[in-house]
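Asker: Let me begin by handing over the structure; questions about it come next.
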Amino acid sequence: MLIHLLPCLMACQRTEPHCELVDFRSDDLGLHLKGGAELAARRPYPNKNWLIACPRKGRKAIVGFFIETAAPLTSFTTLTRWKVAGRDVIEHEVRYEVLDQDFDAVTASMLLWYGIENTRGSWAPRWPDAAKDWTPMLAQPRMELTTRRRQGDYKDRVQDDRILGRQESVALHTIERERLLSPVLHAERMPPLESAFRPHEPT
């Protein structure tokens, strides 16, 4: 299964402290990736308050990274840690539930759940029922430093108006692999397939 994840932190560059990626871990996937080694945190969107983990190789800001597993999954959990102001570490845990096995890929990018038509084909909407009234701007899974208006299934651990930890649950329908790899849709901002991390199966 091809898994597209984009662990991200939303923090204002002007008013909030400097942040950097510590690491990304998923025991279910048998994967531990370190910031500054396998991963880097960059800003691929026009809104530069979005800091997104991507492969460290190269200098281009890419929207997330791929993981290729040998077998399809029904659920998995990830933990991403961020360092704030060079000292405090905050944690973002996301539990993903895969709702079907119709196709061999999933993506955490809510923008790619919409129905899409282009010159090379079309794809049907893949929005889960639980998210039918949500928007990507408010519900895209993310870590934040302070509470903001947003949608989603999440719970924060807060101290002195700062978010120290967030647990989030996300339901995913599978999508077509071609939807992730289409150059018409993504230009050069999606990770190349050859950059996919291929973990050993957990024991």
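Chain labels follow the order of the structure tokens: the first chain is A, the next B, and so on; residue numbering restarts at 1 in every chain, and ligands are counted from 1 in their shown order.
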Could you give me, as a PyMOL selection string, the residues within 6 Å of region 79-96 of chain A, counting only C-alpha atoms and dropping anything in the same chain fewer than 6 positions from it?
Answerer: chain A and resi 17-25+143+164-171
Asker: With N, CA and C atoms retained, could you export that selection as a short mmCIF file (atom, residue, chain, number, x, y, z; two decimals), in the first residue's frame?
Answerer:
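Okay, this is what ended up in selection_34.cif:
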data_model
loop_
_atom_site.label_atom_id
_atom_site.label_comp_id
_atom_site.auth_asym_id
_atom_site.auth_seq_id
_atom_site.Cartn_x
_atom_site.Cartn_y
_atom_site.Cartn_z
N PRO A 17 6.95 31.25 18.25
CA PRO A 17 8.37 30.86 18.31
C PRO A 17 8.82 30.01 17.12
N HIS A 18 10.12 30.01 16.90
CA HIS A 18 10.71 29.14 15.87
C HIS A 18 10.48 27.68 16.24
N CYS A 19 10.14 26.86 15.23
CA CYS A 19 9.87 25.44 15.47
C CYS A 19 10.67 24.59 14.49
N GLU A 20 11.04 23.39 14.93
CA GLU A 20 11.75 22.47 14.06
C GLU A 20 11.30 21.04 14.34
N LEU A 21 11.43 20.21 13.32
CA LEU A 21 11.01 18.81 13.42
C LEU A 21 12.02 18.01 14.21
N VAL A 22 11.55 17.26 15.20
CA VAL A 22 12.42 16.34 15.95
C VAL A 22 12.44 14.99 15.27
N ASP A 23 11.27 14.35 15.15
CA ASP A 23 11.21 13.05 14.50
C ASP A 23 9.77 12.66 14.22
N PHE A 24 9.64 11.58 13.43
CA PHE A 24 8.37 10.96 13.09
C PHE A 24 8.51 9.47 13.39
N ARG A 25 7.52 8.91 14.08
CA ARG A 25 7.59 7.50 14.43
C ARG A 25 6.24 6.83 14.21
N MET A 143 -0.51 19.87 13.90
CA MET A 143 -0.17 20.31 15.25
C MET A 143 -0.20 21.83 15.25
N LEU A 164 0.59 21.25 24.45
CA LEU A 164 1.75 20.39 24.68
C LEU A 164 1.64 19.07 23.92
N GLY A 165 0.42 18.64 23.67
CA GLY A 165 0.20 17.39 22.96
C GLY A 165 -1.17 17.37 22.34
N ARG A 166 -1.28 16.70 21.20
CA ARG A 166 -2.57 16.56 20.52
C ARG A 166 -2.73 15.12 20.06
N GLN A 167 -3.89 14.54 20.34
CA GLN A 167 -4.27 13.23 19.82
C GLN A 167 -5.41 13.43 18.84
N GLU A 168 -5.25 12.84 17.65
CA GLU A 168 -6.20 13.09 16.57
C GLU A 168 -6.56 11.77 15.91
N SER A 169 -7.82 11.65 15.46
CA SER A 169 -8.27 10.46 14.75
C SER A 169 -8.73 10.87 13.36
N VAL A 170 -8.32 10.10 12.35
CA VAL A 170 -8.63 10.42 10.96
C VAL A 170 -9.11 9.16 10.25
N ALA A 171 -10.27 9.23 9.61
CA ALA A 171 -10.78 8.13 8.79
C ALA A 171 -10.41 8.38 7.33
#
Asker: Report as a list in words all protein, DNA and RNA residues lying within 9 Å of region 174-178 of chain A, evaluated on only C-alpha atoms, omitting residues in the same chain fewer than 5 positions from it.
Answerer: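 Once the adjacent positions are removed, what remains is Met1, Leu2, Val98, Leu99, Asp100, Gln101, Asp102, Phe103, Asp104, Ala105, Val106, Thr107, Leu112, Trp113, Trp123 and Arg126 of chain A.
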Asker: Restricted to C-alpha atoms, what would the selected residues look like written as a PDB file, in the first residue's frame?
Answerer:
ATOM      1  CA  MET A   1       0.000   0.000   0.000  1.00  0.00           C
ATOM      2  CA  LEU A   2       1.224   3.502  -0.859  1.00  0.00           C
ATOM      3  CA  VAL A  98      -8.591   2.845   6.628  1.00  0.00           C
ATOM      4  CA  LEU A  99     -12.245   2.400   5.710  1.00  0.00           C
ATOM      5  CA  ASP A 100     -12.015   0.138   2.663  1.00  0.00           C
ATOM      6  CA  GLN A 101      -9.663  -1.815   0.412  1.00  0.00           C
ATOM      7  CA  ASP A 102     -10.967  -0.592  -2.955  1.00  0.00           C
ATOM      8  CA  PHE A 103      -7.607   0.841  -4.039  1.00  0.00           C
ATOM      9  CA  ASP A 104      -3.972   0.504  -2.984  1.00  0.00           C
ATOM     10  CA  ALA A 105      -3.202   4.018  -1.694  1.00  0.00           C
ATOM     11  CA  VAL A 106      -4.282   6.469   1.008  1.00  0.00           C
ATOM     12  CA  THR A 107      -3.502  10.118   1.625  1.00  0.00           C
ATOM     13  CA  LEU A 112      -6.984  15.008  -2.595  1.00  0.00           C
ATOM     14  CA  TRP A 113     -10.245  13.563  -1.272  1.00  0.00           C
ATOM     15  CA  TRP A 123     -11.493  10.467  -9.913  1.00  0.00           C
ATOM     16  CA  ARG A 126     -13.388   9.904  -1.460  1.00  0.00           C
TER      17      ARG A 126
END
Asker: Using only C-alpha atoms, determine which residues lie at most 6 Å from Cys54 (chain A), disregarding the query and same-chain residues fewer than 4 positions distant; provide the list as a VMD selection string.
Answerer: chain A and resid 39 to 40 62 64 to 65
Asker: Which of these, A:Arg56, A:Lys34, A:Ile3, A:Arg179, has the shortest distance to Ala71 (chain A) once you count only C-alpha atoms?
Answerer: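 Using only C-alpha atoms, Ala71 (chain A) sits closest to A:Ile3.
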Asker: Got a sec to tell me which of chain A DSSP assigns to strand (DSSP E or B), as an MDAnalysis selection string?
Answerer: chainID A and resid 2:5 8:10 19:26 31:35 39:42 50:55 65:68 75:84 88:98 105:107 116:118 121:123 143:144 153:159 162:172 175 197
Asker: Skipping near chain neighbours, those fewer than 6 positions away, what residues fall within 12 Å of Glu16 (chain A) using only C-alpha atoms, listed as a ChimeraX atom specification?
Answerer: /A:9-10,49,84-85,144-146,162
Asker: Convert the current residue selection to file output with N, CA and C atoms, as an mmCIF file, in the first residue's frame.
Answerer:
data_model
loop_
_atom_site.group_PDB
_atom_site.id
_atom_site.type_symbol
_atom_site.label_atom_id
_atom_site.label_comp_id
_atom_site.auth_asym_id
_atom_site.auth_seq_id
_atom_site.Cartn_x
_atom_site.Cartn_y
_atom_site.Cartn_z
ATOM 1 N N LEU A 9 2.905 21.298 11.166
ATOM 2 C CA LEU A 9 2.727 22.219 12.283
ATOM 3 C C LEU A 9 2.314 23.555 11.697
ATOM 4 N N MET A 10 1.240 24.108 12.223
ATOM 5 C CA MET A 10 0.807 25.436 11.779
ATOM 6 C C MET A 10 1.135 26.433 12.871
ATOM 7 N N ASN A 49 2.960 29.745 6.930
ATOM 8 C CA ASN A 49 2.798 29.311 8.316
ATOM 9 C C ASN A 49 2.671 27.799 8.434
ATOM 10 N N VAL A 84 10.036 23.474 20.063
ATOM 11 C CA VAL A 84 9.578 24.863 20.040
ATOM 12 C C VAL A 84 10.592 25.738 20.760
ATOM 13 N N ALA A 85 11.014 26.807 20.096
ATOM 14 C CA ALA A 85 11.950 27.773 20.683
ATOM 15 C C ALA A 85 13.235 27.105 21.163
ATOM 16 N N GLU A 144 -0.535 22.410 16.401
ATOM 17 C CA GLU A 144 -0.543 23.851 16.571
ATOM 18 C C GLU A 144 0.049 24.193 17.927
ATOM 19 N N LEU A 145 0.460 25.426 18.088
ATOM 20 C CA LEU A 145 1.028 25.862 19.367
ATOM 21 C C LEU A 145 -0.036 26.387 20.307
ATOM 22 N N THR A 146 -1.077 26.993 19.750
ATOM 23 C CA THR A 146 -2.169 27.531 20.553
ATOM 24 C C THR A 146 -3.491 27.100 19.938
ATOM 25 N N ARG A 162 -0.746 26.956 26.043
ATOM 26 C CA ARG A 162 0.079 26.322 25.014
ATOM 27 C C ARG A 162 -0.325 24.858 24.864
#
Asker: Excluding Ala131 (chain A) and residues on its chain fewer than 5 positions from it, collect all residues at most 12 Å away from it, counting only C-alpha atoms, and give them as a list of chain:residue names.
Answerer: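 In the requested format, the answer is A:Met110, A:Trp113, A:Tyr114, A:Arg126, A:Pro136, A:Leu138, A:Ala139, A:Gln140, A:Pro141, A:Gln151, A:Gly152, A:Asp153, A:Ser169, A:Val170, A:Ala171, A:Leu172, A:His173.
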Asker: Include N, CA, C and O atoms and write out the residues we just selected as an mmCIF file, in the first residue's frame.
Answerer:
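Listing of out05.cif after writing:
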data_model
loop_
_atom_site.group_PDB
_atom_site.id
_atom_site.type_symbol
_atom_site.label_atom_id
_atom_site.label_comp_id
_atom_site.auth_asym_id
_atom_site.auth_seq_id
_atom_site.Cartn_x
_atom_site.Cartn_y
_atom_site.Cartn_z
ATOM 1 N N MET A 110 -6.389 16.214 2.725
ATOM 2 C CA MET A 110 -7.823 16.301 2.481
ATOM 3 C C MET A 110 -8.137 16.906 1.116
ATOM 4 O O MET A 110 -9.190 16.623 0.538
ATOM 5 N N TRP A 113 -9.023 14.356 -1.432
ATOM 6 C CA TRP A 113 -10.245 13.563 -1.272
ATOM 7 C C TRP A 113 -11.376 14.055 -2.181
ATOM 8 O O TRP A 113 -12.366 13.362 -2.370
ATOM 9 N N TYR A 114 -11.229 15.250 -2.735
ATOM 10 C CA TYR A 114 -12.263 15.778 -3.617
ATOM 11 C C TYR A 114 -12.307 14.993 -4.926
ATOM 12 O O TYR A 114 -11.309 14.396 -5.344
ATOM 13 N N ARG A 126 -13.686 10.962 -2.435
ATOM 14 C CA ARG A 126 -13.388 9.904 -1.460
ATOM 15 C C ARG A 126 -13.470 10.457 -0.042
ATOM 16 O O ARG A 126 -12.710 10.058 0.844
ATOM 17 N N PRO A 136 -10.827 21.421 4.344
ATOM 18 C CA PRO A 136 -9.395 21.199 4.575
ATOM 19 C C PRO A 136 -8.732 22.300 5.398
ATOM 20 O O PRO A 136 -7.854 22.023 6.212
ATOM 21 N N LEU A 138 -9.843 23.982 7.882
ATOM 22 C CA LEU A 138 -10.118 23.876 9.304
ATOM 23 C C LEU A 138 -9.878 22.484 9.868
ATOM 24 O O LEU A 138 -9.679 22.336 11.075
ATOM 25 N N ALA A 139 -9.909 21.452 9.012
ATOM 26 C CA ALA A 139 -9.869 20.086 9.525
ATOM 27 C C ALA A 139 -8.611 19.314 9.150
ATOM 28 O O ALA A 139 -8.412 18.213 9.667
ATOM 29 N N GLN A 140 -7.777 19.841 8.253
ATOM 30 C CA GLN A 140 -6.555 19.105 7.888
ATOM 31 C C GLN A 140 -5.766 18.762 9.155
ATOM 32 O O GLN A 140 -5.460 19.658 9.959
ATOM 33 N N PRO A 141 -5.429 17.475 9.379
ATOM 34 C CA PRO A 141 -4.671 17.116 10.586
ATOM 35 C C PRO A 141 -3.390 17.920 10.704
ATOM 36 O O PRO A 141 -2.627 18.044 9.740
ATOM 37 N N GLN A 151 -11.925 22.182 12.934
ATOM 38 C CA GLN A 151 -12.814 21.028 12.913
ATOM 39 C C GLN A 151 -11.977 19.767 13.021
ATOM 40 O O GLN A 151 -10.772 19.784 12.818
ATOM 41 N N GLY A 152 -12.637 18.652 13.343
ATOM 42 C CA GLY A 152 -11.922 17.389 13.400
ATOM 43 C C GLY A 152 -12.191 16.642 14.689
ATOM 44 O O GLY A 152 -12.863 17.139 15.596
ATOM 45 N N ASP A 153 -11.651 15.447 14.744
ATOM 46 C CA ASP A 153 -11.780 14.580 15.916
ATOM 47 C C ASP A 153 -10.433 14.593 16.628
ATOM 48 O O ASP A 153 -9.520 13.856 16.272
ATOM 49 N N SER A 169 -7.818 11.649 15.462
ATOM 50 C CA SER A 169 -8.266 10.457 14.750
ATOM 51 C C SER A 169 -8.731 10.870 13.357
ATOM 52 O O SER A 169 -9.469 11.863 13.206
ATOM 53 N N VAL A 170 -8.321 10.103 12.349
ATOM 54 C CA VAL A 170 -8.635 10.422 10.960
ATOM 55 C C VAL A 170 -9.109 9.160 10.253
ATOM 56 O O VAL A 170 -8.423 8.125 10.289
ATOM 57 N N ALA A 171 -10.270 9.234 9.609
ATOM 58 C CA ALA A 171 -10.780 8.130 8.794
ATOM 59 C C ALA A 171 -10.415 8.383 7.335
ATOM 60 O O ALA A 171 -10.579 9.505 6.835
ATOM 61 N N LEU A 172 -9.923 7.365 6.658
ATOM 62 C CA LEU A 172 -9.451 7.496 5.282
ATOM 63 C C LEU A 172 -10.120 6.460 4.386
ATOM 64 O O LEU A 172 -10.127 5.267 4.703
ATOM 65 N N HIS A 173 -10.665 6.907 3.267
ATOM 66 C CA HIS A 173 -10.971 5.979 2.189
ATOM 67 C C HIS A 173 -9.705 5.780 1.360
ATOM 68 O O HIS A 173 -8.875 6.696 1.247
#
